[in-house]
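Novice: Enclosed is the structure file start.cif (mmCIF, C-alpha atoms (C1' of nucleotides)).
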data_coords
loop_
_atom_site.group_PDB
_atom_site.id
_atom_site.type_symbol
_atom_site.label_atom_id
_atom_site.label_comp_id
_atom_site.auth_asym_id
_atom_site.auth_seq_id
_atom_site.Cartn_x
_atom_site.Cartn_y
_atom_site.Cartn_z
ATOM 1 C CA MET A 1 128.527 104.637 193.383
ATOM 2 C CA GLU A 2 128.010 101.965 190.752
ATOM 3 C CA GLY A 3 125.304 99.578 191.924
ATOM 4 C CA ALA A 4 124.058 101.936 194.603
ATOM 5 C CA ARG A 5 120.516 103.202 194.830
ATOM 6 C CA ILE A 6 119.828 106.923 194.755
ATOM 7 C CA ALA A 7 117.648 107.471 197.797
ATOM 8 C CA ARG A 8 117.349 111.130 196.873
ATOM 9 C CA LEU A 9 118.970 113.664 194.605
ATOM 10 C CA GLU A 10 119.121 116.930 196.458
ATOM 11 C CA LEU A 11 119.435 120.041 194.295
ATOM 12 C CA ARG A 12 120.291 123.008 196.452
ATOM 13 C CA ARG A 13 119.669 125.626 193.803
ATOM 14 C CA LYS A 14 117.724 125.677 190.580
ATOM 15 C CA ASP A 15 120.619 126.113 188.213
ATOM 16 C CA LEU A 16 124.341 125.834 187.657
ATOM 17 C CA ARG A 17 125.389 127.374 184.378
ATOM 18 C CA PHE A 18 122.023 126.277 183.020
ATOM 19 C CA PRO A 19 118.885 125.296 184.912
ATOM 20 C CA PHE A 20 118.817 121.699 186.091
ATOM 21 C CA PRO A 21 116.556 119.790 183.702
ATOM 22 C CA GLU A 22 112.882 119.659 184.596
ATOM 23 C CA GLY A 23 112.063 116.658 186.760
ATOM 24 C CA LEU A 24 115.646 115.561 187.388
ATOM 25 C CA GLU A 25 115.131 115.004 191.107
ATOM 26 C CA ALA A 26 111.989 112.957 190.576
ATOM 27 C CA ARG A 27 113.557 110.918 187.805
ATOM 28 C CA ALA A 28 116.634 110.066 189.884
ATOM 29 C CA ALA A 29 114.866 109.249 193.144
ATOM 30 C CA GLY A 30 114.770 105.533 193.916
ATOM 31 C CA ARG A 31 116.734 104.564 190.820
ATOM 32 C CA ARG A 32 119.726 102.270 190.852
ATOM 33 C CA ILE A 33 122.956 103.368 189.204
ATOM 34 C CA VAL A 34 123.781 100.623 186.730
ATOM 35 C CA ALA A 35 126.952 102.112 185.242
ATOM 36 C CA LEU A 36 129.242 105.125 185.232
ATOM 37 C CA GLY A 37 130.783 106.292 182.008
ATOM 38 C CA ARG A 38 132.506 109.233 180.425
ATOM 39 C CA ARG A 39 132.484 110.886 177.031
ATOM 40 C CA ALA A 40 134.880 113.766 176.434
ATOM 41 C CA LYS A 41 134.600 115.814 179.645
ATOM 42 C CA TYR A 42 131.106 114.602 180.424
ATOM 43 C CA LEU A 43 130.364 112.151 183.200
ATOM 44 C CA LEU A 44 127.554 109.749 182.308
ATOM 45 C CA ILE A 45 125.481 108.209 185.086
ATOM 46 C CA ASP A 46 123.306 105.381 183.812
ATOM 47 C CA LEU A 47 120.137 104.695 185.794
ATOM 48 C CA ASP A 48 118.145 101.485 185.803
ATOM 49 C CA ASP A 49 115.171 103.052 184.016
ATOM 50 C CA GLY A 50 117.150 103.859 180.864
ATOM 51 C CA THR A 51 117.890 107.439 181.832
ATOM 52 C CA THR A 52 121.429 108.805 181.695
ATOM 53 C CA ILE A 53 122.406 111.810 183.766
ATOM 54 C CA ILE A 54 125.009 113.895 181.934
ATOM 55 C CA SER A 55 127.266 115.977 184.126
ATOM 56 C CA HIS A 56 130.004 118.441 183.267
ATOM 57 C CA LEU A 57 132.330 119.921 185.881
ATOM 58 C CA GLY A 58 132.951 123.109 183.954
ATOM 59 C CA MET A 59 136.194 124.660 185.079
ATOM 60 C CA SER A 60 135.952 124.531 188.842
ATOM 61 C CA GLY A 61 133.584 121.664 189.581
ATOM 62 C CA SER A 62 134.384 118.547 191.555
ATOM 63 C CA PHE A 63 132.691 115.544 193.096
ATOM 64 C CA ARG A 64 133.567 114.352 196.550
ATOM 65 C CA ILE A 65 132.393 111.275 198.357
ATOM 66 C CA GLU A 66 131.264 111.081 201.956
ATOM 67 C CA THR A 67 130.443 107.801 203.599
ATOM 68 C CA GLY A 68 128.376 107.016 206.621
ATOM 69 C CA PRO A 69 125.285 108.771 207.914
ATOM 70 C CA VAL A 70 124.908 112.528 207.609
ATOM 71 C CA THR A 71 126.762 114.193 210.469
ATOM 72 C CA ASP A 72 124.997 117.493 210.199
ATOM 73 C CA ALA A 73 124.884 117.883 213.955
ATOM 74 C CA PRO A 74 122.698 120.729 215.160
ATOM 75 C CA GLY A 75 124.202 123.311 217.450
ATOM 76 C CA GLU A 76 127.340 125.311 217.667
ATOM 77 C CA PHE A 77 128.906 124.228 214.400
ATOM 78 C CA HIS A 78 125.800 124.743 212.376
ATOM 79 C CA HIS A 79 126.502 128.377 211.565
ATOM 80 C CA ALA A 80 130.027 127.574 210.531
ATOM 81 C CA ARG A 81 129.153 126.153 207.135
ATOM 82 C CA SER A 82 132.496 126.165 205.425
ATOM 83 C CA LYS A 83 133.228 128.298 202.414
ATOM 84 C CA ASP A 84 133.471 125.124 200.404
ATOM 85 C CA GLU A 85 130.169 123.747 201.570
ATOM 86 C CA LYS A 86 128.204 126.676 200.282
ATOM 87 C CA HIS A 87 129.112 125.590 196.762
ATOM 88 C CA ASP A 88 127.725 122.087 197.258
ATOM 89 C CA HIS A 89 124.999 122.382 194.634
ATOM 90 C CA ALA A 90 123.843 118.805 194.141
ATOM 91 C CA ILE A 91 123.970 115.855 196.514
ATOM 92 C CA PHE A 92 123.336 112.266 195.488
ATOM 93 C CA HIS A 93 122.151 110.545 198.666
ATOM 94 C CA LEU A 94 123.070 106.910 198.063
ATOM 95 C CA GLU A 95 122.116 103.666 199.746
ATOM 96 C CA GLY A 96 124.519 100.813 199.113
ATOM 97 C CA PRO A 97 125.426 97.463 200.682
ATOM 98 C CA ALA A 98 127.862 99.279 202.957
ATOM 99 C CA GLY A 99 125.279 101.775 204.132
ATOM 100 C CA PRO A 100 124.524 105.375 203.237
ATOM 101 C CA SER A 101 126.910 107.646 201.399
ATOM 102 C CA ARG A 102 126.800 110.896 199.507
ATOM 103 C CA VAL A 103 128.346 111.999 196.256
ATOM 104 C CA ILE A 104 128.519 115.751 196.332
ATOM 105 C CA TYR A 105 128.833 118.060 193.348
ATOM 106 C CA ASN A 106 130.698 121.212 194.333
ATOM 107 C CA ASP A 107 131.294 124.041 191.887
ATOM 108 C CA PRO A 108 132.330 127.488 193.127
ATOM 109 C CA ARG A 109 132.134 129.126 189.706
ATOM 110 C CA ARG A 110 129.082 127.259 188.493
ATOM 111 C CA PHE A 111 130.397 126.758 184.986
ATOM 112 C CA GLY A 112 129.344 123.152 185.155
ATOM 113 C CA PHE A 113 125.892 121.809 184.380
ATOM 114 C CA MET A 114 123.739 118.698 184.356
ATOM 115 C CA ASP A 115 121.396 117.300 181.788
ATOM 116 C CA MET A 116 119.555 114.043 181.350
ATOM 117 C CA ALA A 117 118.649 111.981 178.316
ATOM 118 C CA GLU A 118 117.318 108.614 177.277
ATOM 119 C CA ARG A 119 120.304 106.312 176.968
ATOM 120 C CA THR A 120 119.150 105.244 173.500
ATOM 121 C CA ALA A 121 119.275 108.859 172.344
ATOM 122 C CA LEU A 122 122.563 109.897 173.909
ATOM 123 C CA GLU A 123 124.350 110.556 170.622
ATOM 124 C CA VAL A 124 121.817 113.172 169.651
ATOM 125 C CA ASN A 125 122.009 115.023 172.933
ATOM 126 C CA PRO A 126 123.077 118.585 172.042
ATOM 127 C CA PHE A 127 126.080 118.420 174.357
ATOM 128 C CA LEU A 128 127.360 115.113 173.007
ATOM 129 C CA PHE A 129 126.437 115.418 169.354
ATOM 130 C CA GLY A 130 129.342 115.783 166.927
ATOM 131 C CA LEU A 131 132.137 115.149 169.409
ATOM 132 C CA GLY A 132 135.348 113.783 167.915
ATOM 133 C CA PRO A 133 137.046 110.553 168.971
ATOM 134 C CA GLU A 134 138.536 109.994 172.405
ATOM 135 C CA PRO A 135 142.290 110.647 172.465
ATOM 136 C CA THR A 136 142.945 107.348 174.209
ATOM 137 C CA GLY A 137 141.252 105.068 171.700
ATOM 138 C CA ASN A 138 142.246 103.627 168.343
ATOM 139 C CA GLU A 139 139.920 105.934 166.478
ATOM 140 C CA LEU A 140 142.369 108.780 166.971
ATOM 141 C CA SER A 141 145.168 108.326 164.467
ATOM 142 C CA ALA A 142 147.481 110.503 162.408
ATOM 143 C CA ALA A 143 145.507 109.573 159.311
ATOM 144 C CA TYR A 144 142.248 110.642 160.943
ATOM 145 C CA LEU A 145 143.684 113.989 162.053
ATOM 146 C CA ALA A 146 145.157 114.535 158.592
ATOM 147 C CA ARG A 147 141.655 114.206 157.160
ATOM 148 C CA ARG A 148 140.331 116.698 159.686
ATOM 149 C CA PHE A 149 143.180 119.204 159.328
ATOM 150 C CA ALA A 150 143.587 119.121 155.551
ATOM 151 C CA GLY A 151 143.183 122.584 154.081
ATOM 152 C CA LYS A 152 142.782 124.264 157.475
ATOM 153 C CA ALA A 153 144.533 127.561 158.032
ATOM 154 C CA GLN A 154 143.350 127.506 161.641
ATOM 155 C CA PRO A 155 146.175 127.557 164.211
ATOM 156 C CA LEU A 156 147.179 124.077 165.329
ATOM 157 C CA LYS A 157 146.424 124.997 168.948
ATOM 158 C CA SER A 158 142.819 125.945 168.209
ATOM 159 C CA ALA A 159 142.264 122.883 166.031
ATOM 160 C CA LEU A 160 143.372 120.606 168.861
ATOM 161 C CA LEU A 161 141.132 122.377 171.347
ATOM 162 C CA ASP A 162 138.131 121.903 169.059
ATOM 163 C CA GLN A 163 136.103 119.050 170.588
ATOM 164 C CA LYS A 164 134.790 118.104 167.162
ATOM 165 C CA ASN A 165 138.310 117.087 166.157
ATOM 166 C CA ILE A 166 139.332 115.352 169.379
ATOM 167 C CA ALA A 167 137.053 115.013 172.379
ATOM 168 C CA GLY A 168 138.302 115.855 175.809
ATOM 169 C CA LEU A 169 141.520 117.793 175.284
ATOM 170 C CA GLY A 170 141.642 120.982 177.346
ATOM 171 C CA ASN A 171 143.927 123.985 177.274
ATOM 172 C CA ILE A 172 146.584 122.479 179.524
ATOM 173 C CA TYR A 173 146.951 119.193 177.665
ATOM 174 C CA VAL A 174 147.018 120.851 174.263
ATOM 175 C CA CYS A 175 149.887 123.105 175.366
ATOM 176 C CA GLU A 176 151.735 120.148 176.844
ATOM 177 C CA ALA A 177 151.242 117.936 173.792
ATOM 178 C CA LEU A 178 152.493 120.637 171.432
ATOM 179 C CA TRP A 179 155.543 121.213 173.584
ATOM 180 C CA ARG A 180 156.309 117.476 173.667
ATOM 181 C CA SER A 181 156.126 117.272 169.899
ATOM 182 C CA HIS A 182 158.169 120.500 169.411
ATOM 183 C CA LEU A 183 155.385 122.069 167.380
ATOM 184 C CA LYS A 184 154.593 125.765 167.365
ATOM 185 C CA PRO A 185 150.974 126.433 168.407
ATOM 186 C CA THR A 186 150.503 129.118 165.743
ATOM 187 C CA ARG A 187 151.259 126.810 162.826
ATOM 188 C CA ALA A 188 148.420 126.136 160.452
ATOM 189 C CA ALA A 189 146.706 122.836 161.188
ATOM 190 C CA ALA A 190 147.152 121.921 157.516
ATOM 191 C CA SER A 191 150.925 122.182 157.855
ATOM 192 C CA LEU A 192 150.912 118.650 159.277
ATOM 193 C CA VAL A 193 149.255 117.264 156.182
ATOM 194 C CA THR A 194 151.032 116.496 152.894
ATOM 195 C CA LYS A 195 149.739 117.657 149.498
ATOM 196 C CA THR A 196 148.319 114.194 149.008
ATOM 197 C CA GLY A 197 146.396 114.388 152.267
ATOM 198 C CA ARG A 198 148.609 112.106 154.311
ATOM 199 C CA PRO A 199 149.872 112.822 157.808
ATOM 200 C CA THR A 200 153.422 114.104 158.098
ATOM 201 C CA GLN A 201 155.983 112.585 160.434
ATOM 202 C CA GLN A 202 155.264 115.472 162.802
ATOM 203 C CA MET A 203 151.587 114.547 162.863
ATOM 204 C CA GLU A 204 152.545 111.038 163.938
ATOM 205 C CA LEU A 205 154.653 112.528 166.713
ATOM 206 C CA LEU A 206 151.823 114.839 167.751
ATOM 207 C CA VAL A 207 149.342 111.978 168.060
ATOM 208 C CA SER A 208 151.679 109.944 170.238
ATOM 209 C CA SER A 209 152.398 113.025 172.360
ATOM 210 C CA ILE A 210 148.679 113.540 172.922
ATOM 211 C CA ARG A 211 148.319 109.945 174.061
ATOM 212 C CA ASP A 212 151.356 110.232 176.330
ATOM 213 C CA VAL A 213 150.203 113.454 177.950
ATOM 214 C CA ILE A 214 146.805 111.994 178.782
ATOM 215 C CA ALA A 215 148.319 108.763 180.071
ATOM 216 C CA ASP A 216 150.839 110.606 182.242
ATOM 217 C CA ALA A 217 148.203 112.940 183.643
ATOM 218 C CA ILE A 218 145.921 110.071 184.591
ATOM 219 C CA LYS A 219 148.824 108.255 186.186
ATOM 220 C CA ALA A 220 149.665 111.367 188.179
ATOM 221 C CA GLY A 221 146.107 111.855 189.393
ATOM 222 C CA GLY A 222 144.868 114.714 187.254
ATOM 223 C CA SER A 223 145.737 118.361 186.923
ATOM 224 C CA SER A 224 143.615 120.144 189.451
ATOM 225 C CA LEU A 225 144.746 123.710 189.943
ATOM 226 C CA ARG A 226 144.958 125.839 193.037
ATOM 227 C CA ASP A 227 141.895 125.101 195.154
ATOM 228 C CA HIS A 228 140.583 122.395 192.884
ATOM 229 C CA ILE A 229 140.697 118.979 194.439
ATOM 230 C CA GLN A 230 140.301 115.221 194.118
ATOM 231 C CA THR A 231 137.385 113.118 195.353
ATOM 232 C CA ASP A 232 139.351 112.315 198.493
ATOM 233 C CA GLY A 233 140.107 115.985 199.039
ATOM 234 C CA SER A 234 143.744 115.922 197.979
ATOM 235 C CA LEU A 235 145.145 118.035 195.195
ATOM 236 C CA GLY A 236 145.819 116.466 191.801
ATOM 237 C CA TYR A 237 149.516 116.674 191.287
ATOM 238 C CA PHE A 238 150.056 116.554 187.556
ATOM 239 C CA GLN A 239 150.263 120.326 187.857
ATOM 240 C CA HIS A 240 153.681 119.857 189.391
ATOM 241 C CA SER A 241 154.852 118.214 186.212
ATOM 242 C CA PHE A 242 153.685 120.776 183.683
ATOM 243 C CA SER A 243 156.451 121.343 181.195
ATOM 244 C CA VAL A 244 155.187 124.578 179.655
ATOM 245 C CA TYR A 245 151.697 125.334 180.944
ATOM 246 C CA ASP A 246 151.719 128.218 183.428
ATOM 247 C CA ARG A 247 155.512 128.539 183.128
ATOM 248 C CA GLU A 248 155.749 131.915 181.426
ATOM 249 C CA SER A 249 159.284 133.396 181.648
ATOM 250 C CA LEU A 250 160.676 130.171 183.104
ATOM 251 C CA PRO A 251 163.326 128.107 181.344
ATOM 252 C CA CYS A 252 162.151 125.597 178.770
ATOM 253 C CA ARG A 253 162.525 122.059 180.056
ATOM 254 C CA THR A 254 163.599 120.558 176.769
ATOM 255 C CA PRO A 255 167.138 119.272 177.451
ATOM 256 C CA GLY A 256 169.725 121.595 175.946
ATOM 257 C CA CYS A 257 167.134 124.030 174.578
ATOM 258 C CA GLY A 258 167.918 127.073 176.692
ATOM 259 C CA GLY A 259 164.739 128.845 175.591
ATOM 260 C CA THR A 260 162.274 130.736 177.754
ATOM 261 C CA VAL A 261 158.597 129.854 177.884
ATOM 262 C CA ALA A 262 156.353 132.480 176.303
ATOM 263 C CA ARG A 263 152.653 133.161 176.767
ATOM 264 C CA ILE A 264 150.426 134.289 173.926
ATOM 265 C CA VAL A 265 146.663 134.469 173.538
ATOM 266 C CA GLN A 266 144.911 132.438 170.860
ATOM 267 C CA ALA A 267 141.157 132.531 170.464
ATOM 268 C CA GLY A 268 140.944 134.118 173.884
ATOM 269 C CA ARG A 269 142.880 131.371 175.634
ATOM 270 C CA SER A 270 146.408 131.422 177.020
ATOM 271 C CA THR A 271 148.943 129.416 175.084
ATOM 272 C CA PHE A 272 152.306 128.612 176.644
ATOM 273 C CA TYR A 273 155.132 127.485 174.396
ATOM 274 C CA CYS A 274 158.862 127.671 173.823
ATOM 275 C CA PRO A 275 159.753 129.900 170.861
ATOM 276 C CA VAL A 276 163.130 128.182 170.584
ATOM 277 C CA CYS A 277 162.326 124.469 170.350
ATOM 278 C CA GLN A 278 158.736 124.546 169.087
ATOM 279 C CA LYS A 279 158.726 125.049 165.335
ATOM 280 C "C1'" DC B 1 132.431 128.705 155.366
ATOM 281 C "C1'" DC B 2 136.028 130.193 158.928
ATOM 282 C "C1'" DT B 3 137.589 132.725 162.922
ATOM 283 C "C1'" DT B 4 137.290 135.592 166.775
ATOM 284 C "C1'" DG B 5 135.267 137.347 170.853
ATOM 285 C "C1'" DA B 6 131.908 137.789 174.398
ATOM 286 C "C1'" DA B 7 129.268 135.703 177.809
ATOM 287 C "C1'" DC B 8 128.590 132.782 181.775
ATOM 288 C "C1'" DC B 9 130.720 132.937 187.475
ATOM 289 C "C1'" DT B 10 133.618 133.193 191.357
ATOM 290 C "C1'" DG B 11 137.685 133.643 194.071
ATOM 291 C "C1'" DG B 12 142.599 134.335 194.269
ATOM 292 C "C1'" DG B 13 146.356 137.363 193.410
ATOM 293 C "C1'" DC B 14 148.228 141.701 192.630
ATOM 294 C "C1'" DG B 15 149.000 146.756 192.586
ATOM 295 C "C1'" DC B 16 147.923 150.921 194.706
ATOM 296 C "C1'" DT C 1 143.116 146.807 205.254
ATOM 297 C "C1'" DG C 2 140.496 147.315 201.208
ATOM 298 C "C1'" DC C 3 139.221 148.359 196.669
ATOM 299 C "C1'" DG C 4 139.429 147.508 191.809
ATOM 300 C "C1'" DC C 5 141.203 144.992 188.196
ATOM 301 C "C1'" DC C 6 142.817 140.869 185.809
ATOM 302 C "C1'" DC C 7 142.968 136.058 185.250
ATOM 303 C "C1'" DA C 8 141.875 130.965 185.117
ATOM 304 C "C1'" DG C 9 139.168 126.939 183.760
ATOM 305 C "C1'" DG C 10 135.128 124.902 179.095
ATOM 306 C "C1'" DT C 11 131.440 125.591 176.001
ATOM 307 C "C1'" DT C 12 127.986 127.981 173.378
ATOM 308 C "C1'" DC C 13 126.432 131.526 170.706
ATOM 309 C "C1'" DA C 14 126.702 135.927 168.140
ATOM 310 C "C1'" DA C 15 129.195 138.745 165.107
ATOM 311 C "C1'" DG C 16 132.752 139.830 161.799
#
Represent the supplied structure as structure tokens.
Specialist:
Amino acid sequence: MEGARIARLELRRKDLRFPFPEGLEARAAGRRIVALGRRAKYLLIDLDDGTTIISHLGMSGSFRIETGPVTDAPGEFHHARSKDEKHDHAIFHLEGPAGPSRVIYNDPRRFGFMDMAERTALEVNPFLFGLGPEPTGNELSAAYLARRFAGKAQPLKSALLDQKNIAGLGNIYVCEALWRSHLKPTRAAASLVTKTGRPTQQMELLVSSIRDVIADAIKAGGSSLRDHIQTDGSLGYFQHSFSVYDRESLPCRTPGCGGTVARIVQAGRSTFYCPVCQK
DNA sequence: CCTTGAACCTGGGCGC
DNA sequence: TGCGCCCAGGTTCAAG
């Protein structure tokens, strides 16, 4: 996709969760993609005119890539548009050195959305403004989190899910990171900060667990659930290595623990944890 | 300020 | 077989 020219951006409906921004198709047409980036859970597509397309997959969105000319043969198969295909909402028709290809945005539940902004004004885009540091970079540290969590009675789970504290952690990875660091999700965020505002030992452990969870998930190819798939159509398989997420009533996987995974609801989201080894 | 809850949307799974 | 209900994912916004 990088380096390719967008022959046409085809929007097959006027909105996802929000309307597509005014003039998106016209702005994208004929432009070259100079870079692909990511911030938190937003995909950033940099065009050669200084525009950046901002795309979020929501909960059920995915991109898939098709190469070669369109094989939309007329005739008997035309009526048989697959269930999946009807949720193809945006199609980037690309022209690259290797010929035509398409990058297709599919989103059955339409919780995703797209926006566009001038690259020079990205930080003030409403979706990107105020996001915390990436969990994979040096900016995330125990000392930083201690500053953010000091004095907060908010449950640890909710604080970690807050994108203003750390950008890009979702429900699954927060549950997994807390389990790895043996921390109870209902603890106050401030309980990992000393009276003098320094991170506790447990905070250090939490930060390294967050890094490890993300690294392991990337290595394993992502966490797509159920019908949610990879760009090549295969299922992400990190879901097979969840330690607590979606394991209610199953044995805790901490060696020698013997506990049973519980499910509670915090701020309207499911939290899975082991009441025995997470304290 | 902090915290919770509803809304957005669809399809899969389950109980009857 | 089908209907109705609940649930999942992420983010914003309104209300307590």
Novice: Using all atoms listed in the file, determine which residues lie at most 10 Å from DT11 (chain C), disregarding the query and same-chain residues fewer than 2 positions distant; provide the list as a PyMOL selection string.
Specialist: (chain A and resi 58+111-112+127+163) or (chain B and resi 8) or (chain C and resi 13)
Novice: Which residues of chain C come within 12 Å of chain A, and for each one, what is the closest pair of atoms and their distance in Å to one decimal, counting all atoms listed in the file, sorted by chain and residue number, as a tab-separated table?
Specialist:
residue	atom	partner	partner_atom	distance
C:DC7	C1'	A:Ser270	CA	10.1
C:DA8	C1'	A:Met59	CA	8.5
C:DG9	C1'	A:Met59	CA	4.0
C:DG10	C1'	A:Gly58	CA	5.6
C:DT11	C1'	A:Gly58	CA	8.5
C:DT12	C1'	A:Phe127	CA	9.8
Novice: Name all residues at most 7 Å from Ser209 (chain A) (count all atoms listed in the file; drop same-chain ones fewer than 3 positions away) and give them as JSON, numbers by chain.
Specialist: {"A": [177, 180, 181, 205, 206, 212, 213]}
Novice: Give the centre and edge lengths of an axis-aligned box, in Å to one decimal, that holds all listed atoms of region 10-15 of chain C with 3 Å on each side, as lines of an AutoDock Vina configuration file.
Specialist:
center_x = 130.8
center_y = 131.8
center_z = 172.1
size_x = 14.7
size_y = 19.8
size_z = 20.0
Novice: Find the residues around DC2 (chain B) up to 10 Å (only C-alpha atoms (C1' of nucleotides) counted), leave out those fewer than 6 positions away in its own chain, and share them as a ChimeraX atom specification.
Specialist: /A:152-154
Novice: Please evaluate the PyMOL selection byres ((chain B) within 7 of (chain A)) against the displayed coordinates and give the resulting residues as a list in words.
Specialist: DT4, DC8, DC9 and DT10 of chain B
Novice: Please write as a list of chain:residue names the full residue list that the PyMOL selection byres ((chain A and resi 2) around 9) yields on this file.
Specialist: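 This file, filtered by the PyMOL selection byres ((chain A and resi 2) around 9), leaves A:Met1, A:Gly3, A:Ala4, A:Arg5, A:Arg32, A:Ile33, A:Val34, A:Ala35, A:Leu36, A:Ile45.
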Novice: Give me, as an MDAnalysis selection string, all polymer residues having an atom no more than 12 Å from Phe242 (chain A), counting only C-alpha atoms (C1' of nucleotides) and skipping those fewer than 6 positions away in the same chain.
Specialist: chainID A and resid 172:177 179:180 213 216:217 220 222:225 248 250 252:253 261 272:273
Novice: For the provided coordinates, the residues matched by the PyMOL selection byres ((chain A and resi 93) around 8) should be stated as an NGL selection string.
Specialist: :A and (6-10 or 91-92 or 94-95 or 100-103)
Novice: Given all atoms listed in the file as the basis, pick out the residue of A:Pro19, A:Pro126, A:Pro155, A:Pro135 nearest to DT3 (chain B).
Specialist: A:Pro155
Novice: If you measure from CA of Thr51 (chain A) to CA of Tyr105 (chain A), what distance in Å do you get, rounded to one decimal?
Specialist: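 One can read the CA of Thr51 (chain A) to CA of Tyr105 (chain A) distance as 19.1 Å.
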Novice: For the atom pair CA of Ser62 (chain A) and CA of Leu44 (chain A), what is the interatomic distance in Å to one decimal place?
Specialist: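 Taking CA of Ser62 (chain A) and CA of Leu44 (chain A), their separation equals 14.5 Å.
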Novice: What separation in Å, quoted to one decimal, exists between CA of His89 (chain A) and CA of Asn106 (chain A)?
Specialist: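 Distance between the two atoms: 5.8 Å.
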